[in-house]
file work-v6.txt (compact mmCIF, C-alpha atoms)
# COMPACT_ATOMS: atom_id res chain seq x y z
CA MET A 62 44.05 -0.16 27.77
CA LYS A 63 42.75 -0.63 24.35
CA PHE A 64 39.08 -0.60 23.73
CA GLN A 65 37.78 -2.79 21.09
CA LYS A 66 34.53 -2.29 19.36
CA LYS A 67 32.22 -5.16 20.01
CA ARG A 68 30.95 -6.67 16.85
CA ALA A 69 28.58 -9.52 16.37
CA ALA A 70 30.11 -12.47 14.69
CA THR A 71 27.29 -12.83 12.22
CA LYS A 72 27.11 -10.83 9.10
CA GLN A 73 24.83 -7.94 8.90
CA GLY A 74 22.19 -7.67 6.24
CA ILE A 75 19.01 -9.55 5.49
CA PRO A 76 19.32 -12.80 3.61
CA THR A 77 17.46 -12.30 0.39
CA SER A 78 17.58 -15.84 -0.85
CA SER A 79 14.08 -16.61 0.45
CA MET A 80 12.61 -13.48 -1.07
CA PRO A 81 11.42 -15.19 -4.27
CA ASP A 82 9.65 -17.81 -2.20
CA ILE A 83 7.80 -15.21 -0.22
CA ILE A 84 6.77 -13.34 -3.32
CA PHE A 85 5.73 -16.57 -4.99
CA MET A 86 3.51 -17.26 -2.09
CA LEU A 87 1.90 -13.83 -2.41
CA LEU A 88 1.52 -14.38 -6.11
CA LEU A 89 -0.16 -17.72 -5.61
CA PHE A 90 -2.52 -16.22 -3.06
CA PHE A 91 -3.64 -13.55 -5.46
CA MET A 92 -3.95 -15.98 -8.33
CA VAL A 93 -6.20 -18.23 -6.31
CA ALA A 94 -8.23 -15.52 -4.61
CA THR A 95 -9.12 -13.47 -7.63
CA THR A 96 -11.13 -14.24 -10.68
CA LEU A 97 -10.47 -12.66 -14.00
CA ARG A 98 -13.43 -10.81 -15.33
CA GLU A 99 -14.49 -13.16 -18.02
CA GLN A 100 -17.00 -11.04 -19.79
CA GLU A 101 -17.23 -7.55 -21.07
CA VAL A 102 -20.12 -5.51 -19.76
CA TYR A 103 -21.74 -3.40 -22.43
CA VAL A 104 -24.39 -1.68 -20.39
CA SER A 105 -23.78 0.90 -17.71
CA PHE A 106 -25.56 0.60 -14.43
CA THR A 107 -25.40 1.71 -10.82
CA LEU A 108 -26.41 -0.91 -8.34
CA PRO A 109 -28.82 -0.05 -5.53
CA GLU A 110 -27.64 -0.12 -1.95
CA ALA A 111 -28.99 -2.33 0.80
CA LYS A 112 -28.17 -3.51 4.31
CA ALA A 113 -29.51 -7.02 4.62
CA ILE A 114 -27.34 -8.51 1.93
CA GLU A 115 -25.67 -11.88 1.73
CA LYS A 116 -22.69 -13.15 -0.15
CA ILE A 117 -23.20 -15.79 -2.75
CA GLU A 118 -20.89 -18.57 -1.76
CA ASN A 119 -20.88 -20.60 -4.88
CA LYS A 120 -19.59 -18.48 -7.68
CA ARG A 121 -19.77 -21.21 -10.25
CA LEU A 122 -23.55 -21.33 -10.09
CA ILE A 123 -24.06 -17.69 -10.88
CA SER A 124 -25.36 -16.48 -14.17
CA TYR A 125 -25.68 -12.75 -14.69
CA ILE A 126 -28.34 -10.62 -16.26
CA TYR A 127 -27.39 -7.00 -16.65
CA VAL A 128 -29.89 -4.23 -17.15
CA GLY A 129 -28.47 -0.84 -18.00
CA LYS A 130 -29.66 2.70 -17.55
CA ASN A 131 -31.33 2.73 -20.93
CA GLY A 132 -33.15 -0.52 -20.30
CA ARG A 133 -30.88 -2.67 -22.43
CA ILE A 134 -30.48 -6.23 -21.26
CA GLN A 135 -27.26 -8.20 -21.47
CA ILE A 136 -26.77 -11.89 -20.87
CA ASP A 137 -23.31 -13.39 -21.21
CA ASP A 138 -21.67 -11.54 -24.07
CA ALA A 139 -24.58 -10.16 -25.96
CA ILE A 140 -27.39 -7.66 -25.75
CA VAL A 141 -30.63 -9.61 -25.85
CA GLN A 142 -34.28 -8.85 -26.30
CA LEU A 143 -36.77 -9.41 -23.54
CA LYS A 144 -38.52 -12.21 -25.41
CA ASP A 145 -35.28 -14.19 -25.79
CA ILE A 146 -34.56 -14.35 -22.08
CA GLN A 147 -36.81 -17.30 -21.44
CA ASP A 148 -35.09 -19.54 -24.01
CA ILE A 149 -31.59 -18.53 -22.98
CA MET A 150 -32.25 -19.05 -19.31
CA TYR A 151 -34.01 -22.32 -19.92
CA LYS A 152 -30.92 -23.66 -21.67
CA LYS A 153 -28.76 -22.48 -18.81
CA ARG A 154 -31.06 -24.08 -16.33
CA VAL A 155 -30.92 -27.41 -18.17
CA ALA A 156 -27.13 -27.26 -18.24
CA LEU A 157 -26.90 -26.28 -14.60
CA PRO A 158 -30.00 -27.24 -12.60
CA ASN A 159 -29.37 -25.11 -9.53
CA VAL A 160 -28.30 -21.97 -11.29
CA ILE A 161 -28.51 -18.70 -9.37
CA VAL A 162 -29.46 -15.76 -11.52
CA SER A 163 -27.84 -12.58 -10.33
CA LEU A 164 -29.78 -9.56 -11.46
CA ARG A 165 -27.53 -6.57 -11.84
CA ILE A 166 -30.07 -3.91 -12.49
CA ASP A 167 -29.60 -0.18 -12.58
CA LYS A 168 -31.34 1.46 -9.68
CA ASN A 169 -33.46 3.79 -11.78
CA THR A 170 -35.08 1.05 -13.81
CA ASN A 171 -38.84 0.76 -13.81
CA MET A 172 -40.28 -2.21 -12.01
CA GLY A 173 -42.21 -3.13 -15.14
CA LEU A 174 -39.07 -4.31 -16.88
CA VAL A 175 -37.86 -6.09 -13.76
CA THR A 176 -41.16 -7.89 -13.47
CA ASP A 177 -41.06 -8.91 -17.12
CA ILE A 178 -37.61 -10.42 -16.59
CA GLN A 179 -38.82 -12.20 -13.48
CA GLN A 180 -41.77 -13.60 -15.37
CA ALA A 181 -39.42 -14.90 -18.05
CA LEU A 182 -37.28 -16.48 -15.37
CA ARG A 183 -40.28 -18.11 -13.76
CA LYS A 184 -41.33 -19.55 -17.09
CA ALA A 185 -37.80 -20.81 -17.64
CA ASP A 186 -37.94 -22.30 -14.15
CA ALA A 187 -34.74 -20.54 -13.11
CA ARG A 188 -36.22 -19.37 -9.87
CA ARG A 189 -33.27 -18.76 -7.62
CA ILE A 190 -32.47 -15.12 -8.06
CA ASN A 191 -30.34 -12.55 -6.36
CA TYR A 192 -30.83 -8.83 -6.62
CA SER A 193 -27.31 -7.58 -6.77
CA ALA A 194 -26.77 -4.71 -4.36
CA ARG A 195 -23.98 -2.83 -2.74
CA MET A 196 -23.45 -2.68 0.98
CA LYS A 197 -24.92 0.47 2.42
CA GLU A 198 -22.42 2.34 4.56
CA MET B 211 53.12 -37.84 -18.52
CA VAL B 212 50.80 -35.06 -18.81
CA SER B 213 48.31 -35.15 -16.09
CA LEU B 214 44.80 -34.61 -17.31
CA LYS B 215 43.12 -32.08 -15.26
CA ARG B 216 39.51 -31.43 -15.44
CA ARG B 217 38.98 -27.87 -16.17
CA LYS B 218 36.62 -26.24 -13.85
CA ARG B 219 35.21 -22.95 -14.70
CA GLU B 220 34.29 -20.81 -11.87
CA GLY B 221 30.60 -20.62 -11.21
CA ALA B 222 29.67 -23.14 -13.85
CA GLY B 223 26.42 -24.99 -13.42
CA GLU B 224 24.71 -22.26 -11.51
CA PHE B 225 22.63 -19.36 -12.53
CA SER B 226 22.08 -16.30 -10.55
CA THR B 227 18.87 -16.19 -8.63
CA ALA B 228 19.16 -12.57 -7.73
CA SER B 229 16.73 -11.46 -10.42
CA MET B 230 14.19 -14.13 -9.51
CA ALA B 231 12.62 -11.81 -6.98
CA ASP B 232 12.20 -9.13 -9.59
CA ILE B 233 10.57 -11.51 -12.03
CA THR B 234 8.10 -12.78 -9.49
CA PHE B 235 7.39 -9.24 -8.39
CA LEU B 236 6.49 -8.43 -11.94
CA LEU B 237 4.15 -11.39 -12.15
CA LEU B 238 2.59 -10.43 -8.84
CA LEU B 239 2.03 -6.90 -10.03
CA PHE B 240 0.44 -8.14 -13.22
CA PHE B 241 -2.06 -10.25 -11.32
CA LEU B 242 -2.73 -7.49 -8.84
CA VAL B 243 -3.55 -5.04 -11.58
CA SER B 244 -5.43 -7.31 -13.93
CA THR B 245 -7.79 -8.94 -11.51
CA VAL B 246 -10.81 -7.62 -9.73
CA ILE B 247 -11.89 -9.06 -6.46
CA ASP B 248 -15.59 -8.60 -6.64
CA VAL B 249 -17.57 -10.46 -4.15
CA ASP B 250 -21.07 -10.80 -5.39
CA THR B 251 -23.47 -9.55 -2.79
CA GLY B 252 -27.15 -9.07 -2.98
CA ILE B 253 -30.58 -9.97 -1.73
CA GLY B 254 -31.46 -13.57 -2.45
CA LEU B 255 -34.96 -14.67 -3.30
CA THR B 256 -36.67 -17.66 -4.79
CA LEU B 257 -39.37 -16.87 -7.28
CA PRO B 258 -42.64 -18.77 -7.16
CA GLU B 259 -43.27 -21.46 -9.69
CA TYR B 260 -44.89 -20.34 -12.89
CA ILE B 261 -48.47 -21.43 -13.16
CA PRO B 262 -50.45 -20.46 -16.26
CA PRO B 263 -53.27 -18.03 -15.44
CA GLU B 264 -56.02 -20.53 -16.24
CA GLU B 265 -54.69 -23.03 -13.71
CA GLN B 266 -54.16 -20.54 -10.95
CA GLU B 267 -56.13 -21.07 -7.82
CA LEU B 268 -56.76 -18.42 -5.28
CA ALA B 269 -55.57 -19.59 -1.94
CA PRO B 270 -57.49 -17.88 0.82
CA LEU B 271 -55.20 -16.05 3.19
CA SER B 272 -56.48 -14.64 6.42
CA LYS B 273 -55.83 -10.96 6.96
CA ASP B 274 -54.03 -11.77 10.16
CA ARG B 275 -51.27 -13.56 8.28
CA LEU B 276 -50.79 -11.07 5.53
CA ALA B 277 -48.60 -8.02 5.47
CA ALA B 278 -49.32 -6.40 2.16
CA LEU B 279 -46.75 -3.92 1.02
CA LEU B 280 -47.65 -1.77 -1.92
CA ILE B 281 -45.26 0.63 -3.56
CA ASN B 282 -46.89 2.86 -6.11
CA GLU B 283 -45.32 4.83 -8.90
CA ASN B 284 -45.09 8.02 -6.87
CA GLY B 285 -42.92 6.33 -4.32
CA ASP B 286 -45.59 6.04 -1.64
CA VAL B 287 -45.37 2.90 0.43
CA LEU B 288 -48.49 1.39 1.87
CA LEU B 289 -48.49 -1.32 4.50
CA ASN B 290 -51.92 -2.88 4.80
CA GLY B 291 -53.45 0.19 3.26
CA GLU B 292 -51.73 2.76 5.43
CA ILE B 293 -49.01 5.06 4.24
CA ILE B 294 -45.71 4.36 5.91
CA ALA B 295 -42.15 5.55 5.50
CA ILE B 296 -39.68 2.96 4.27
CA PRO B 297 -37.45 2.97 7.41
CA GLN B 298 -40.53 2.17 9.53
CA ILE B 299 -41.28 -1.07 7.73
CA LYS B 300 -38.76 -3.04 9.74
CA ASP B 301 -40.05 -2.14 13.21
CA ASN B 302 -43.57 -2.75 12.07
CA LEU B 303 -42.85 -6.21 10.78
CA VAL B 304 -40.56 -7.34 13.59
CA GLU B 305 -43.44 -7.34 16.07
CA ARG B 306 -45.69 -9.25 13.74
CA ILE B 307 -43.07 -11.86 12.92
CA LYS B 308 -42.30 -12.35 16.60
CA SER B 309 -45.92 -12.92 17.51
CA LYS B 310 -46.06 -15.78 15.02
CA ILE B 311 -42.94 -17.69 16.00
CA ASP B 312 -44.81 -20.34 17.98
CA LEU B 313 -47.66 -20.74 15.55
CA PRO B 314 -47.80 -23.73 13.23
CA LYS B 315 -46.30 -23.65 9.78
CA ASN B 316 -49.42 -22.60 7.96
CA LYS B 317 -50.03 -19.62 10.20
CA LYS B 318 -46.77 -17.77 9.69
CA LEU B 319 -46.61 -14.27 8.35
CA VAL B 320 -46.63 -13.77 4.61
CA VAL B 321 -45.18 -10.55 3.31
CA SER B 322 -46.50 -9.62 -0.05
CA ILE B 323 -44.73 -6.93 -2.05
CA LYS B 324 -46.56 -5.35 -4.88
CA THR B 325 -45.38 -2.65 -7.20
CA ASP B 326 -46.66 -0.67 -10.12
CA ARG B 327 -44.99 -0.97 -13.46
CA LYS B 328 -43.54 2.50 -13.09
CA THR B 329 -42.20 2.07 -9.58
CA ASN B 330 -38.53 2.79 -9.21
CA TYR B 331 -36.42 -0.34 -8.81
CA ASN B 332 -34.33 1.27 -6.09
CA LEU B 333 -37.41 1.85 -3.94
CA TYR B 334 -38.41 -1.76 -4.34
CA ILE B 335 -34.96 -2.91 -3.23
CA GLN B 336 -35.08 -0.58 -0.22
CA ALA B 337 -38.43 -2.02 0.82
CA LEU B 338 -37.28 -5.59 0.25
CA ASP B 339 -34.17 -4.80 2.24
CA GLU B 340 -36.29 -3.61 5.17
CA VAL B 341 -38.37 -6.77 5.09
CA LYS B 342 -35.26 -8.96 5.00
CA SER B 343 -33.69 -6.94 7.82
CA ALA B 344 -36.78 -7.49 9.94
CA TYR B 345 -36.55 -11.24 9.44
CA PHE B 346 -32.82 -11.30 10.12
CA GLN B 347 -33.29 -9.33 13.32
CA VAL B 348 -35.93 -11.71 14.62
CA ARG B 349 -33.80 -14.72 13.72
CA GLU B 350 -30.80 -13.19 15.41
CA GLU B 351 -32.79 -12.54 18.60
CA TYR B 352 -34.29 -16.00 18.56
CA ALA B 353 -30.90 -17.62 18.21
CA LEU B 354 -29.51 -15.52 21.03
CA ASN B 355 -32.39 -16.33 23.38
CA HIS B 356 -32.48 -20.06 22.70
CA TRP B 357 -28.92 -21.05 22.11
CA GLY B 358 -27.00 -17.99 23.20
CA LYS B 359 -25.27 -17.86 19.88
CA LYS B 360 -25.28 -15.79 16.75
CA VAL B 361 -27.00 -17.19 13.70
CA LYS B 362 -23.75 -17.74 11.87
CA ASP B 363 -22.39 -19.88 14.73
CA LEU B 364 -25.35 -22.25 14.86
CA THR B 365 -25.13 -25.91 13.98
CA ASP B 366 -26.94 -27.26 10.95
CA GLU B 367 -29.75 -28.69 13.02
CA GLN B 368 -30.28 -25.44 14.84
CA VAL B 369 -30.36 -23.56 11.58
CA LYS B 370 -32.99 -25.97 10.36
CA GLU B 371 -35.10 -25.39 13.42
CA LEU B 372 -34.64 -21.66 13.08
CA ARG B 373 -35.77 -21.79 9.49
CA GLU B 374 -38.82 -23.76 10.50
CA LYS B 375 -39.71 -21.38 13.29
CA ILE B 376 -39.12 -18.22 11.34
CA PRO B 377 -39.49 -18.91 7.65
CA ILE B 378 -39.01 -16.01 5.30
CA ILE B 379 -42.07 -15.97 3.12
CA ILE B 380 -42.03 -13.11 0.69
CA SER B 381 -44.51 -13.14 -2.08
CA ILE B 382 -43.89 -11.00 -5.12
CA ALA B 383 -47.26 -10.13 -6.48
CA GLU B 384 -47.58 -9.51 -10.15
CA PRO B 385 -48.18 -5.87 -10.95
CA GLU B 386 -51.54 -4.92 -12.25
CA GLN B 387 -51.69 -3.87 -15.83
CA ILE B 388 -52.30 -0.18 -15.80
CA LYS B 389 -52.48 1.34 -19.17

call {"tool": "encode", "arguments": {"input": "work-v6.txt", "output": "C-alpha cells"}}
result
Amino acid sequence: MKFQKKRAATKQGIPTSSMPDIIFMLLLFFMVATTLREQEVYVSFTLPEAKAIEKIENKRLISYIYVGKNGRIQIDDAIVQLKDIQDIMYKKRVALPNVIVSLRIDKNTNMGLVTDIQQALRKADARRINYSARMKE
Amino acid sequence: MVSLKRRKREGAGEFSTASMADITFLLLLFFLVSTVIDVDTGIGLTLPEYIPPEEQELAPLSKDRLAALLINENGDVLLNGEIIAIPQIKDNLVERIKSKIDLPKNKKLVVSIKTDRKTNYNLYIQALDEVKSAYFQVREEYALNHWGKKVKDLTDEQVKELREKIPIIISIAEPEQIK
C-alpha cells in the first residue's frame, strides 16, 4: 500500500496583499494621534512632580509660558521680559477668550517670579492656568 | 487578408504593489520618529480677578472657614500657624472639608496658600498637590457613598451637585514684600 502525504489544497504562505492597508491604518493612527512640536523651546527646565494632576482635554486652547532654570521666560517663539507678558497675554486672550495658560516652570524657580507672572496674567485677565507637572510614580 | 491582432503585452496596465508596504512602512517610521506624544498634565487653577489695590475690600472670613497654609523661604510649612510636614496636609484637610459638606455655600472651607518670594516653586506645587488630593479624595468618597460610582462615571447633573457640595476654593494670597 502506498502512503500519500496529506497536503492541504490551499497554498501555504500569508497573503501580503493587504499588508499596505494595515500599515496605512497604523500610519493614519499615528498621524492623527500625535502632534508635531510646533515650537522650539529655548529654555531648559525640569517640571515638578505631583499626584493630583489632570489632563487638559482641549489642546487648542493651551498657550504656554516657559520659565527656565535661569529665570528666562519664553512665550511662543521668543524670550520675553516680565513686563511684556501682560500685553502678550492680553492679545492672546482677546483672540481666544477661554485660553488656558500652561505654566511650564522649572522646579527650582523662586515663587517671586511665579507670582509676578501670575499677577501679569491676572491683569491680562487670562485667569485659567495650569501648573504643568509630571505624574509622580 | 492579414488579420489584425491586438498586441497584448504581458503585465501591461499594472504596476507592482509589492513595494507599497515598504513605502508605507517608511512613512510610518518617519511619523513615529518625528512626533512626540506629550499629553499635557498639570494642576489646574483659576486665578482671582485682578482688582487694583485701592478698590480692594477686605472680606471678613471666619477662622472656622479658613485653612491658611504658609510656606516660608526655608521650606517650613505652617497650617494655621502650626508647623506641619507636607504629606500631613492632606489628612488634615480631608476632615475639615468633610465636616463642611452639608453647610451652605458661603460656609465652605477656603484654603489659602501663601508663599514668600524666595520659596521654592517645587515646594509650592507639592503643597498645592496635597490640597488638591484632599479635595479629590473627599469628592471620590462622596460620589461612592451617594451614587455608588466613581467621579469619572457620574452624569453631568451629579457632577454639578458634587461641585456644589464640595467646591474647591483655593486662594492664592499675594506674597508680602520682604526686602

call {"tool": "closest_atom_pairs", "arguments": {"input": "work-v6.txt", "of": "segment 309-369 of chain B", "to": "segment 112-135 of chain A", "cutoff": "12 Å", "atoms": "all atoms listed in the file", "output": "tab-separated table"}}
result
residue	atom	partner	partner_atom	distance
B:Tyr331	CA	A:Val128	CA	11.3
B:Ile335	CA	A:Lys112	CA	10.2
B:Gln336	CA	A:Lys112	CA	8.8
B:Ala337	CA	A:Ala113	CA	10.9
B:Leu338	CA	A:Ala113	CA	9.0
B:Asp339	CA	A:Ala113	CA	5.7
B:Glu340	CA	A:Ala113	CA	7.6
B:Val341	CA	A:Ala113	CA	8.9
B:Lys342	CA	A:Ala113	CA	6.1
B:Ser343	CA	A:Ala113	CA	5.3
B:Ala344	CA	A:Ala113	CA	9.0
B:Tyr345	CA	A:Ala113	CA	9.5
B:Phe346	CA	A:Ala113	CA	7.7
B:Gln347	CA	A:Ala113	CA	9.8
B:Lys362	CA	A:Glu115	CA	11.9

call {"tool": "closest_atom_pairs", "arguments": {"input": "work-v6.txt", "of": "chain A", "to": "chain B", "cutoff": "6 Å", "atoms": "all atoms listed in the file", "output": "Markdown table"}}
result
| residue | atom | partner | partner_atom | distance |
| --- | --- | --- | --- | --- |
| A:Pro81 | CA | B:Ala231 | CA | 4.5 |
| A:Leu88 | CA | B:Leu238 | CA | 4.9 |
| A:Thr95 | CA | B:Ile247 | CA | 5.3 |
| A:Leu97 | CA | B:Thr245 | CA | 5.2 |
| A:Pro109 | CA | B:Asn332 | CA | 5.7 |
| A:Ala111 | CA | B:Asp339 | CA | 5.9 |
| A:Ala113 | CA | B:Ser343 | CA | 5.3 |
| A:Ile114 | CA | B:Gly252 | CA | 4.9 |
| A:Glu115 | CA | B:Thr251 | CA | 5.5 |
| A:Lys116 | CA | B:Thr251 | CA | 4.5 |
| A:Lys168 | CA | B:Asn332 | CA | 4.7 |
| A:Asn169 | CA | B:Asn330 | CA | 5.8 |
| A:Thr170 | CA | B:Tyr331 | CA | 5.4 |
| A:Asn171 | CA | B:Asn330 | CA | 5.0 |
| A:Met172 | CA | B:Arg327 | CA | 5.1 |
| A:Gly173 | CA | B:Arg327 | CA | 3.9 |
| A:Arg183 | CA | B:Tyr260 | CA | 5.2 |
| A:Lys184 | CA | B:Tyr260 | CA | 5.6 |
| A:Arg188 | CA | B:Leu257 | CA | 4.8 |
| A:Arg189 | CA | B:Thr256 | CA | 4.6 |
| A:Ile190 | CA | B:Leu255 | CA | 5.4 |
| A:Asn191 | CA | B:Gly254 | CA | 4.2 |
| A:Tyr192 | CA | B:Ile253 | CA | 5.0 |
| A:Ser193 | CA | B:Gly252 | CA | 4.1 |
| A:Ala194 | CA | B:Gly252 | CA | 4.6 |

call {"tool": "atom_distance", "arguments": {"input": "work-v6.txt", "atom1": "atom CA of Asp186 of chain A", "atom2": "atom CA of Ala156 of chain A"}}
result
12.6 Å

call {"tool": "atom_distance", "arguments": {"input": "work-v6.txt", "atom1": "atom CA of Glu374 of chain B", "atom2": "atom CA of Pro314 of chain B"}}
result
9.4 Å

call {"tool": "residues_around", "arguments": {"input": "work-v6.txt", "residues": "Asp286 of chain B", "least_positions_apart": "4", "cutoff": "10 Å", "atoms": "all atoms listed in the file", "output": "list in words"}}
result
Leu280, Ile281, Asn282, Glu292, Ile293, Ile294, Ala295, Ile296, Thr329 and Leu333 of chain B

call {"tool": "axis_aligned_box", "arguments": {"input": "work-v6.txt", "around": "segment 222-235 of chain B", "padding_each_side": "5 Å", "output": "lines of an AutoDock Vina configuration file"}}
result
center_x = 18.5
center_y = -17.1
center_z = -10.4
size_x = 32.3
size_y = 25.9
size_z = 16.9

call {"tool": "atom_distance", "arguments": {"input": "work-v6.txt", "atom1": "atom CA of Arg195 of chain A", "atom2": "atom CA of Arg165 of chain A"}}
result
10.5 Å

call {"tool": "closest_residue", "arguments": {"input": "work-v6.txt", "among": "A:Ala94, A:Leu89, A:Val175, A:Leu182", "to": "Val160 of chain A", "atoms": "all atoms listed in the file"}}
result
A:Leu182

call {"tool": "closest_residue", "arguments": {"input": "work-v6.txt", "among": "A:Val162, A:Ala139, A:Met92, A:Leu108", "to": "Met196 of chain A", "atoms": "all atoms listed in the file"}}
result
A:Leu108

call {"tool": "build_atoms", "arguments": {"input": "work-v6.txt", "residues": "segment 351-377 of chain B", "atoms": "N, CA and C atoms", "output": "compact mmCIF listing (two decimals), keeping the file's coordinate frame"}}
result
# COMPACT_ATOMS: atom_id res chain seq x y z
N GLU B 351 -32.32 -12.57 17.21
CA GLU B 351 -32.79 -12.54 18.60
C GLU B 351 -33.18 -13.93 19.08
N TYR B 352 -33.85 -14.66 18.20
CA TYR B 352 -34.29 -16.00 18.56
C TYR B 352 -33.09 -16.90 18.87
N ALA B 353 -32.09 -16.79 18.02
CA ALA B 353 -30.90 -17.62 18.21
C ALA B 353 -30.20 -17.26 19.52
N LEU B 354 -30.19 -15.98 19.83
CA LEU B 354 -29.51 -15.52 21.03
C LEU B 354 -30.26 -15.97 22.28
N ASN B 355 -31.59 -15.94 22.21
CA ASN B 355 -32.39 -16.33 23.38
C ASN B 355 -32.38 -17.83 23.60
N HIS B 356 -32.35 -18.61 22.54
CA HIS B 356 -32.48 -20.06 22.70
C HIS B 356 -31.16 -20.79 22.82
N TRP B 357 -30.19 -20.33 22.09
CA TRP B 357 -28.92 -21.05 22.11
C TRP B 357 -27.76 -20.19 22.59
N GLY B 358 -28.06 -18.90 22.78
CA GLY B 358 -27.00 -17.99 23.20
C GLY B 358 -25.90 -17.81 22.17
N LYS B 359 -26.28 -17.98 20.93
CA LYS B 359 -25.27 -17.86 19.88
C LYS B 359 -25.78 -16.94 18.78
N LYS B 360 -24.86 -16.54 17.93
CA LYS B 360 -25.28 -15.79 16.75
C LYS B 360 -25.70 -16.79 15.68
N VAL B 361 -26.47 -16.29 14.73
CA VAL B 361 -27.00 -17.19 13.70
C VAL B 361 -25.87 -17.89 12.95
N LYS B 362 -24.81 -17.14 12.69
CA LYS B 362 -23.75 -17.74 11.87
C LYS B 362 -22.96 -18.80 12.64
N ASP B 363 -23.11 -18.87 13.95
CA ASP B 363 -22.39 -19.88 14.73
C ASP B 363 -23.24 -21.12 15.02
N LEU B 364 -24.47 -21.14 14.53
CA LEU B 364 -25.35 -22.25 14.86
C LEU B 364 -24.95 -23.52 14.12
N THR B 365 -25.35 -24.66 14.68
CA THR B 365 -25.13 -25.91 13.98
C THR B 365 -26.21 -26.09 12.91
N ASP B 366 -26.00 -27.05 12.04
CA ASP B 366 -26.94 -27.26 10.95
C ASP B 366 -28.35 -27.53 11.44
N GLU B 367 -28.42 -28.34 12.50
CA GLU B 367 -29.75 -28.69 13.02
C GLU B 367 -30.46 -27.47 13.59
N GLN B 368 -29.68 -26.65 14.26
CA GLN B 368 -30.28 -25.44 14.84
C GLN B 368 -30.75 -24.49 13.76
N VAL B 369 -29.96 -24.42 12.69
CA VAL B 369 -30.36 -23.56 11.58
C VAL B 369 -31.66 -24.06 10.99
N LYS B 370 -31.78 -25.38 10.91
CA LYS B 370 -32.99 -25.97 10.36
C LYS B 370 -34.20 -25.61 11.22
N GLU B 371 -34.00 -25.72 12.52
CA GLU B 371 -35.10 -25.39 13.42
C GLU B 371 -35.46 -23.93 13.30
N LEU B 372 -34.43 -23.10 13.21
CA LEU B 372 -34.64 -21.66 13.08
C LEU B 372 -35.43 -21.35 11.82
N ARG B 373 -35.07 -22.04 10.75
CA ARG B 373 -35.77 -21.79 9.49
C ARG B 373 -37.21 -22.25 9.56
N GLU B 374 -37.45 -23.29 10.36
CA GLU B 374 -38.82 -23.76 10.50
C GLU B 374 -39.64 -22.80 11.34
N LYS B 375 -39.00 -22.28 12.38
CA LYS B 375 -39.71 -21.38 13.29
C LYS B 375 -39.99 -20.04 12.63
N ILE B 376 -38.97 -19.53 11.96
CA ILE B 376 -39.12 -18.22 11.34
C ILE B 376 -38.80 -18.32 9.85
N PRO B 377 -39.75 -18.82 9.09
CA PRO B 377 -39.49 -18.91 7.65
C PRO B 377 -39.68 -17.54 7.00
